[in-house]
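Participant: PDB, C-alpha atoms, pLDDT in the B column, file query_33.pdb:
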```pdb
ATOM      1  CA  ILE S   1       0.000   0.000   0.000  1.00 87.00           C
ATOM      2  CA  ALA S   2       1.141   3.507  -0.734  1.00 86.00           C
ATOM      3  CA  GLU S   3      -0.648   6.719   0.163  1.00 78.00           C
ATOM      4  CA  ILE S   4       0.079  10.142  -1.242  1.00 76.00           C
ATOM      5  CA  ILE S   5      -0.810  12.961   1.129  1.00 71.00           C
ATOM      6  CA  PRO S   6      -1.289  16.662   0.330  1.00 71.00           C
ATOM      7  CA  ILE S   7       1.825  18.818   0.224  1.00 80.00           C
ATOM      8  CA  PHE S   8       2.134  21.084   3.249  1.00 89.00           C
ATOM      9  CA  SER S   9       1.985  24.714   2.111  1.00 92.00           C
ATOM     10  CA  ALA S  10       1.149  28.197   3.321  1.00 94.00           C
ATOM     11  CA  THR S  11      -0.049  31.166   1.295  1.00 94.00           C
ATOM     12  CA  GLU S  12      -0.283  34.783   2.429  1.00 96.00           C
ATOM     13  CA  THR S  13      -3.851  35.983   1.892  1.00 97.00           C
ATOM     14  CA  SER S  14      -3.626  39.383   3.608  1.00 96.00           C
ATOM     15  CA  GLN S  15      -0.626  41.620   4.328  1.00 96.00           C
ATOM     16  CA  LEU S  16       0.008  43.180   7.725  1.00 97.00           C
ATOM     17  CA  ASN S  17      -1.302  46.759   7.400  1.00 97.00           C
ATOM     18  CA  PHE S  18      -1.177  49.313  10.229  1.00 97.00           C
ATOM     19  CA  GLY S  19      -3.239  51.747   8.172  1.00 95.00           C
ATOM     20  CA  ARG S  20      -2.969  55.512   7.981  1.00 96.00           C
ATOM     21  CA  PHE S  21      -1.952  57.635  10.967  1.00 95.00           C
ATOM     22  CA  ALA S  22      -0.140  60.813  11.989  1.00 94.00           C
ATOM     23  CA  PRO S  23       2.638  60.848  14.590  1.00 94.00           C
ATOM     24  CA  GLY S  24       2.566  63.617  17.147  1.00 90.00           C
ATOM     25  CA  PRO S  25       5.515  65.400  18.732  1.00 91.00           C
ATOM     26  CA  GLU S  26       6.416  62.406  20.931  1.00 91.00           C
ATOM     27  CA  GLY S  27       5.377  59.336  18.891  1.00 92.00           C
ATOM     28  CA  GLY S  28       3.952  56.132  20.350  1.00 97.00           C
ATOM     29  CA  SER S  29       2.766  52.678  19.304  1.00 97.00           C
ATOM     30  CA  ILE S  30       0.066  51.107  17.166  1.00 97.00           C
ATOM     31  CA  ILE S  31      -0.952  47.665  18.415  1.00 98.00           C
ATOM     32  CA  LEU S  32      -2.619  45.469  15.803  1.00 98.00           C
ATOM     33  CA  THR S  33      -3.924  42.186  17.228  1.00 98.00           C
ATOM     34  CA  PRO S  34      -4.174  38.926  15.264  1.00 98.00           C
ATOM     35  CA  GLN S  35      -7.963  39.349  15.609  1.00 97.00           C
ATOM     36  CA  GLY S  36      -7.704  42.569  13.584  1.00 95.00           C
ATOM     37  CA  THR S  37      -8.363  45.148  16.310  1.00 96.00           C
ATOM     38  CA  ILE S  38      -6.162  48.192  16.669  1.00 96.00           C
ATOM     39  CA  SER S  39      -5.249  50.350  19.648  1.00 96.00           C
ATOM     40  CA  ILE S  40      -3.021  53.399  19.950  1.00 96.00           C
ATOM     41  CA  GLN S  41      -0.600  54.243  22.758  1.00 96.00           C
ATOM     42  CA  GLY S  42       1.155  57.559  23.137  1.00 96.00           C
ATOM     43  CA  ASN S  43       1.028  60.474  20.762  1.00 94.00           C
ATOM     44  CA  VAL S  44      -0.230  58.938  17.488  1.00 95.00           C
ATOM     45  CA  PHE S  45      -3.464  59.889  15.731  1.00 94.00           C
ATOM     46  CA  LYS S  46      -5.366  57.276  13.709  1.00 93.00           C
ATOM     47  CA  GLY S  47      -6.322  58.387  10.214  1.00 92.00           C
ATOM     48  CA  PRO S  48      -9.112  57.243   7.900  1.00 92.00           C
ATOM     49  CA  GLY S  49      -8.864  54.029   5.932  1.00 91.00           C
ATOM     50  CA  THR S  50      -8.360  50.365   6.569  1.00 93.00           C
ATOM     51  CA  PHE S  51      -5.930  48.298   8.599  1.00 96.00           C
ATOM     52  CA  ASN S  52      -5.706  44.542   9.020  1.00 96.00           C
ATOM     53  CA  ALA S  53      -3.783  41.687  10.545  1.00 98.00           C
ATOM     54  CA  ALA S  54      -1.815  39.435   8.235  1.00 98.00           C
ATOM     55  CA  SER S  55      -3.413  36.114   7.340  1.00 98.00           C
ATOM     56  CA  PHE S  56      -2.057  32.892   5.901  1.00 97.00           C
ATOM     57  CA  ASN S  57      -3.929  29.850   4.625  1.00 97.00           C
ATOM     58  CA  VAL S  58      -2.121  26.667   5.660  1.00 96.00           C
ATOM     59  CA  PHE S  59      -2.837  23.439   3.739  1.00 94.00           C
ATOM     60  CA  GLY S  60      -1.789  19.837   4.284  1.00 91.00           C
ATOM     61  CA  ASP S  61      -2.874  16.459   5.602  1.00 88.00           C
ATOM     62  CA  ALA S  62      -6.062  16.455   7.710  1.00 88.00           C
ATOM     63  CA  ASP S  63      -5.419  16.777  11.467  1.00 89.00           C
ATOM     64  CA  ALA S  64      -1.680  17.376  10.913  1.00 89.00           C
ATOM     65  CA  ALA S  65       0.077  19.407  13.588  1.00 93.00           C
ATOM     66  CA  TYR S  66       2.457  22.148  12.502  1.00 94.00           C
ATOM     67  CA  SER S  67       4.709  24.763  14.063  1.00 95.00           C
ATOM     68  CA  ILE S  68       4.538  28.532  13.686  1.00 97.00           C
ATOM     69  CA  SER S  69       7.680  30.685  13.995  1.00 97.00           C
ATOM     70  CA  LEU S  70       7.298  34.464  14.139  1.00 97.00           C
ATOM     71  CA  PRO S  71      10.076  37.070  13.880  1.00 96.00           C
ATOM     72  CA  SER S  72      12.159  36.877  17.061  1.00 91.00           C
ATOM     73  CA  GLY S  73      13.182  40.521  17.033  1.00 91.00           C
ATOM     74  CA  PRO S  74      12.142  43.852  15.595  1.00 96.00           C
ATOM     75  CA  VAL S  75      11.567  44.198  11.861  1.00 97.00           C
ATOM     76  CA  ILE S  76      12.491  47.515  10.253  1.00 97.00           C
ATOM     77  CA  LEU S  77      10.096  49.436   8.009  1.00 97.00           C
ATOM     78  CA  ARG S  78      11.815  51.966   5.754  1.00 96.00           C
ATOM     79  CA  HIS S  79      10.411  55.171   4.272  1.00 95.00           C
ATOM     80  CA  THR S  80      10.133  54.735   0.502  1.00 92.00           C
ATOM     81  CA  SER S  81      12.140  57.896  -0.286  1.00 90.00           C
ATOM     82  CA  ALA S  82      13.745  59.148   2.948  1.00 86.00           C
ATOM     83  CA  SER S  83      16.233  57.467   5.282  1.00 91.00           C
ATOM     84  CA  LYS S  84      13.681  57.239   8.120  1.00 95.00           C
ATOM     85  CA  THR S  85      12.557  53.987   9.762  1.00 96.00           C
ATOM     86  CA  MET S  86      10.058  52.477  12.200  1.00 97.00           C
ATOM     87  CA  THR S  87      10.161  49.068  13.888  1.00 97.00           C
ATOM     88  CA  VAL S  88       7.593  46.295  14.174  1.00 98.00           C
ATOM     89  CA  GLU S  89       7.884  44.042  17.230  1.00 97.00           C
ATOM     90  CA  ASP S  90       5.912  41.993  19.786  1.00 97.00           C
ATOM     91  CA  TRP S  91       4.596  39.586  17.146  1.00 98.00           C
ATOM     92  CA  LEU S  92       1.525  37.458  17.989  1.00 97.00           C
ATOM     93  CA  SER S  93      -0.455  34.848  16.092  1.00 98.00           C
ATOM     94  CA  VAL S  94      -3.669  32.822  16.327  1.00 97.00           C
ATOM     95  CA  PRO S  95      -2.995  29.933  16.730  1.00 97.00           C
ATOM     96  CA  SER S  96      -0.067  30.863  18.967  1.00 96.00           C
ATOM     97  CA  ALA S  97       3.510  30.526  17.773  1.00 96.00           C
ATOM     98  CA  GLY S  98       5.385  27.434  18.909  1.00 95.00           C
ATOM     99  CA  ILE S  99       6.130  23.806  18.145  1.00 94.00           C
ATOM    100  CA  GLY S 100       3.016  21.886  17.147  1.00 92.00           C
ATOM    101  CA  THR S 101       0.634  24.704  18.116  1.00 93.00           C
ATOM    102  CA  GLY S 102      -1.206  24.667  14.794  1.00 93.00           C
ATOM    103  CA  ARG S 103      -3.507  21.822  13.762  1.00 92.00           C
ATOM    104  CA  LEU S 104      -5.100  21.453  10.387  1.00 91.00           C
ATOM    105  CA  GLN S 105      -8.820  20.764  10.367  1.00 90.00           C
ATOM    106  CA  GLN S 106     -10.507  17.679   8.885  1.00 88.00           C
ATOM    107  CA  ASP S 107     -10.369  19.311   5.439  1.00 89.00           C
ATOM    108  CA  GLY S 108      -6.581  19.884   5.733  1.00 89.00           C
ATOM    109  CA  PHE S 109      -6.909  23.669   6.047  1.00 92.00           C
ATOM    110  CA  GLN S 110      -6.456  26.373   8.680  1.00 96.00           C
ATOM    111  CA  THR S 111      -6.081  30.162   8.588  1.00 97.00           C
ATOM    112  CA  VAL S 112      -3.359  31.730  10.753  1.00 97.00           C
ATOM    113  CA  PHE S 113      -3.700  35.390  11.738  1.00 98.00           C
ATOM    114  CA  VAL S 114      -0.699  37.538  12.696  1.00 98.00           C
ATOM    115  CA  GLY S 115      -0.500  40.897  14.460  1.00 98.00           C
ATOM    116  CA  ALA S 116       2.284  43.030  15.914  1.00 98.00           C
ATOM    117  CA  THR S 117       3.142  46.423  17.414  1.00 98.00           C
ATOM    118  CA  LEU S 118       4.436  49.311  15.310  1.00 98.00           C
ATOM    119  CA  LYS S 119       6.749  51.707  17.164  1.00 98.00           C
ATOM    120  CA  VAL S 120       6.201  55.210  15.770  1.00 97.00           C
ATOM    121  CA  GLY S 121       8.641  58.062  16.336  1.00 95.00           C
ATOM    122  CA  SER S 122       7.847  61.762  16.429  1.00 94.00           C
ATOM    123  CA  ILE S 123       6.744  63.627  13.311  1.00 90.00           C
ATOM    124  CA  ASN S 124      10.417  64.653  12.891  1.00 91.00           C
ATOM    125  CA  ASP S 125      11.539  61.005  13.119  1.00 93.00           C
ATOM    126  CA  ASN S 126       8.772  59.698  10.845  1.00 93.00           C
ATOM    127  CA  PRO S 127       7.811  62.199   8.139  1.00 91.00           C
ATOM    128  CA  VAL S 128       4.821  61.818   5.834  1.00 93.00           C
ATOM    129  CA  GLY S 129       5.107  58.908   3.406  1.00 94.00           C
ATOM    130  CA  ILE S 130       4.825  55.162   3.031  1.00 94.00           C
ATOM    131  CA  TYR S 131       6.996  52.764   5.067  1.00 96.00           C
ATOM    132  CA  THR S 132       7.519  49.172   3.936  1.00 96.00           C
ATOM    133  CA  GLY S 133       9.486  46.124   5.016  1.00 95.00           C
ATOM    134  CA  LEU S 134       9.712  42.354   4.901  1.00 95.00           C
ATOM    135  CA  TYR S 135       9.313  39.784   7.656  1.00 95.00           C
ATOM    136  CA  ASN S 136       9.633  36.006   7.820  1.00 94.00           C
ATOM    137  CA  ILE S 137       7.059  33.656   9.253  1.00 95.00           C
ATOM    138  CA  THR S 138       7.763  29.934   9.050  1.00 95.00           C
ATOM    139  CA  PHE S 139       5.269  27.074   9.070  1.00 94.00           C
ATOM    140  CA  ASP S 140       6.672  23.538   9.549  1.00 92.00           C
ATOM    141  CA  PHE S 141       5.078  20.126   9.828  1.00 83.00           C
ATOM    142  CA  TYR S 142       5.462  18.847  13.343  1.00 69.00           C
TER     143      TYR S 142
END
```
Have the structure of the file written as structure tokens, please.
Facilitator:
Amino acid sequence: IAEIIPIFSATETSQLNFGRFAPGPEGGSIILTPQGTISIQGNVFKGPGTFNAASFNVFGDADAAYSISLPSGPVILRHTSASKTMTVEDWLSVPSAGIGTGRLQQDGFQTVFVGATLKVGSINDNPVGIYTGLYNITFDFY
């Protein structure tokens, strides 16, 4: 007997997006939960528009356990035309990160949601513009 099982894979379905905001004279933080709620700490003013947690569809063998690894340190976002930066840290996911914390459902599918905290500097530190960056999230069969 031989059995071929589905290939384990993950696909990003939604990018992490802290939305539009304006830093004040002292800066602060934007906390985006894996559930997609946002809260502001310090001197940052939320602007109009959308924001969302990142999401990934994970596929594989039904009931298979898998591990989730989030960035272990801050990730740098860079202004698209200036030399200014912000950092993203305190990464969280649902299911939680760790060895064997994810489990595919009977149909071999699960969505993983990821949030984090954006550290925003003052208006002098973070001028108007778009900031982008890359981060690594790893999904492994357990």
Participant: Quick one: residues within 10 Å of (-4.4, 57.0, 6.3) (file frame), counting all atoms listed in the file, please, as a VMD selection string.
Facilitator: chain S and resid 18 to 22 45 to 51 130
Participant: My list of candidates is S:Gly121, S:Pro127, S:Gly115, S:Pro95. Which is closest to Asn52 (chain S) when distances are computed with only C-alpha atoms?
Facilitator: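 The shortest atom-to-atom distance to Asn52 (chain S) comes from S:Gly115.
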Participant: May I have the protein, DNA and RNA residues with an atom at most 10 Å from (14.6, 61.7, 17.2), counting all atoms listed in the file in the file's coordinates, returned as a list of chain:residue names?
Facilitator: S:Pro25, S:Glu26, S:Gly27, S:Gly121, S:Ser122, S:Ile123, S:Asn124, S:Asp125, S:Asn126
Participant: Take the residues from that selection and put them in a file with C-alpha atoms, as a short mmCIF file (atom, residue, chain, number, x, y, z; two decimals), in the frame of the given file.
Facilitator:
```cif
data_model
loop_
_atom_site.label_atom_id
_atom_site.label_comp_id
_atom_site.auth_asym_id
_atom_site.auth_seq_id
_atom_site.Cartn_x
_atom_site.Cartn_y
_atom_site.Cartn_z
CA PRO S 25 5.52 65.40 18.73
CA GLU S 26 6.42 62.41 20.93
CA GLY S 27 5.38 59.34 18.89
CA GLY S 121 8.64 58.06 16.34
CA SER S 122 7.85 61.76 16.43
CA ILE S 123 6.74 63.63 13.31
CA ASN S 124 10.42 64.65 12.89
CA ASP S 125 11.54 61.00 13.12
CA ASN S 126 8.77 59.70 10.84
#
```
Participant: Just want the 9 Å neighbourhood of Gly98 (chain S), counted on all atoms listed in the file, with same-chain residues fewer than 6 positions away dropped. Output as a ChimeraX atom specification.
Facilitator: /S:66-70
Participant: Kindly save the residues from that selection, with C-alpha atoms included, as a PDB file, in the coordinates of the input.
Facilitator:
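Final output, saved to again_21.pdb:
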```pdb
ATOM      1  CA  TYR S  66       2.457  22.148  12.502  1.00 94.00           C
ATOM      2  CA  SER S  67       4.709  24.763  14.063  1.00 95.00           C
ATOM      3  CA  ILE S  68       4.538  28.532  13.686  1.00 97.00           C
ATOM      4  CA  SER S  69       7.680  30.685  13.995  1.00 97.00           C
ATOM      5  CA  LEU S  70       7.298  34.464  14.139  1.00 97.00           C
TER       6      LEU S  70
END
```
Participant: With distances taken over all atoms listed in the file, which residue among S:Gln35, S:Ser81, S:Asn57, S:Thr87 lies nearest Phe8 (chain S)?
Facilitator: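 The answer is S:Asn57, which sits nearest to Phe8 (chain S).
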Participant: Using the chain letters and numbers from the file, which residues does the PyMOL selection byres ((chain S and resi 73) around 9) grab, as a PyMOL selection string?
Facilitator: chain S and resi 70-72+74-75+88-91
Participant: Keeping C-alpha atoms for every residue in the selection just given, could you write it to a file as a CSV table (one decimal), in the coordinates of the input?
Facilitator:
```
chain,number,residue,atom,x,y,z
S,70,LEU,CA,7.3,34.5,14.1
S,71,PRO,CA,10.1,37.1,13.9
S,72,SER,CA,12.2,36.9,17.1
S,74,PRO,CA,12.1,43.9,15.6
S,75,VAL,CA,11.6,44.2,11.9
S,88,VAL,CA,7.6,46.3,14.2
S,89,GLU,CA,7.9,44.0,17.2
S,90,ASP,CA,5.9,42.0,19.8
S,91,TRP,CA,4.6,39.6,17.1
```
Participant: Can you list what the PyMOL selection byres ((chain S and resi 42) around 8) grabs from this structure, as a list in words?
Facilitator: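 When the PyMOL selection byres ((chain S and resi 42) around 8) is applied to the shown file, the picked residues are Glu26, Gly27, Gly28, Ser29, Ile40, Gln41, Asn43 and Val44 of chain S.
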Participant: Name the residues in contact with Thr11 (chain S) at a cut-off of 12 Å, using all atoms listed in the file, excluding same-chain residues fewer than 3 positions from it; report them as an NGL selection string.
Facilitator: :S and (8 or 14-15 or 54-60 or 109-113 or 137-139)
Participant: Find, counting only C-alpha atoms, the residue in S:Leu77, S:Val128, S:Ile99, S:Leu32 that gets nearest to Val114 (chain S).
Facilitator: S:Leu32
Participant: Find the distance between CA of Gly24 (chain S) and CA of Leu92 (chain S) and write it in Å to one decimal.
Facilitator: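 Calculated distance between CA of Gly24 (chain S) and CA of Leu92 (chain S) is 26.2 Å.
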Participant: For the atom pair CA of Lys119 (chain S) and CA of Met86 (chain S), what is the interatomic distance in Å to one decimal place?
Facilitator: 6.0 Å
Participant: Could you pull region 94-110 of chain S out of the block above and give me N, CA, C and O atoms, as a compact mmCIF listing (two decimals), in the first residue's frame?
Facilitator:
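So part-v2.txt came out as:
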```txt
# COMPACT_ATOMS: atom_id res chain seq x y z
N VAL S 94 -2.58 33.73 15.94
CA VAL S 94 -3.67 32.82 16.33
C VAL S 94 -3.78 31.82 15.21
O VAL S 94 -4.07 32.21 14.07
N PRO S 95 -3.47 30.52 15.49
CA PRO S 95 -2.99 29.93 16.73
C PRO S 95 -1.64 30.52 17.14
O PRO S 95 -0.93 31.09 16.33
N SER S 96 -1.30 30.32 18.41
CA SER S 96 -0.07 30.86 18.97
C SER S 96 1.16 30.26 18.30
O SER S 96 1.13 29.12 17.84
N ALA S 97 2.24 31.03 18.29
CA ALA S 97 3.51 30.53 17.77
C ALA S 97 4.04 29.44 18.69
O ALA S 97 3.78 29.44 19.89
N GLY S 98 4.77 28.50 18.13
CA GLY S 98 5.39 27.43 18.91
C GLY S 98 5.40 26.12 18.15
O GLY S 98 4.86 26.01 17.04
N ILE S 99 6.01 25.13 18.76
CA ILE S 99 6.13 23.81 18.15
C ILE S 99 4.81 23.05 18.28
O ILE S 99 4.31 22.85 19.38
N GLY S 100 4.24 22.68 17.16
CA GLY S 100 3.02 21.89 17.15
C GLY S 100 1.77 22.62 17.62
O GLY S 100 0.78 21.99 17.97
N THR S 101 1.79 23.95 17.61
CA THR S 101 0.63 24.70 18.12
C THR S 101 -0.49 24.82 17.09
O THR S 101 -1.63 25.07 17.46
N GLY S 102 -0.17 24.65 15.82
CA GLY S 102 -1.21 24.67 14.79
C GLY S 102 -1.69 23.26 14.51
O GLY S 102 -0.95 22.29 14.64
N ARG S 103 -2.97 23.13 14.14
CA ARG S 103 -3.51 21.82 13.76
C ARG S 103 -4.50 22.02 12.63
O ARG S 103 -5.46 22.77 12.77
N LEU S 104 -4.20 21.35 11.53
CA LEU S 104 -5.10 21.45 10.39
C LEU S 104 -6.43 20.78 10.70
O LEU S 104 -6.48 19.80 11.45
N GLN S 105 -7.48 21.31 10.14
CA GLN S 105 -8.82 20.76 10.37
C GLN S 105 -9.01 19.50 9.53
O GLN S 105 -8.12 19.07 8.80
N GLN S 106 -10.20 18.90 9.62
CA GLN S 106 -10.51 17.68 8.89
C GLN S 106 -10.34 17.85 7.38
O GLN S 106 -10.05 16.89 6.68
N ASP S 107 -10.52 19.07 6.88
CA ASP S 107 -10.37 19.31 5.44
C ASP S 107 -8.93 19.69 5.06
O ASP S 107 -8.65 20.04 3.91
N GLY S 108 -7.98 19.59 6.02
CA GLY S 108 -6.58 19.88 5.73
C GLY S 108 -6.28 21.36 5.55
O GLY S 108 -5.38 21.72 4.81
N PHE S 109 -7.01 22.22 6.24
CA PHE S 109 -6.91 23.67 6.05
C PHE S 109 -7.01 24.38 7.39
O PHE S 109 -7.73 23.95 8.28
N GLN S 110 -6.29 25.48 7.54
CA GLN S 110 -6.46 26.37 8.68
C GLN S 110 -5.92 27.75 8.28
O GLN S 110 -4.95 27.86 7.54
```
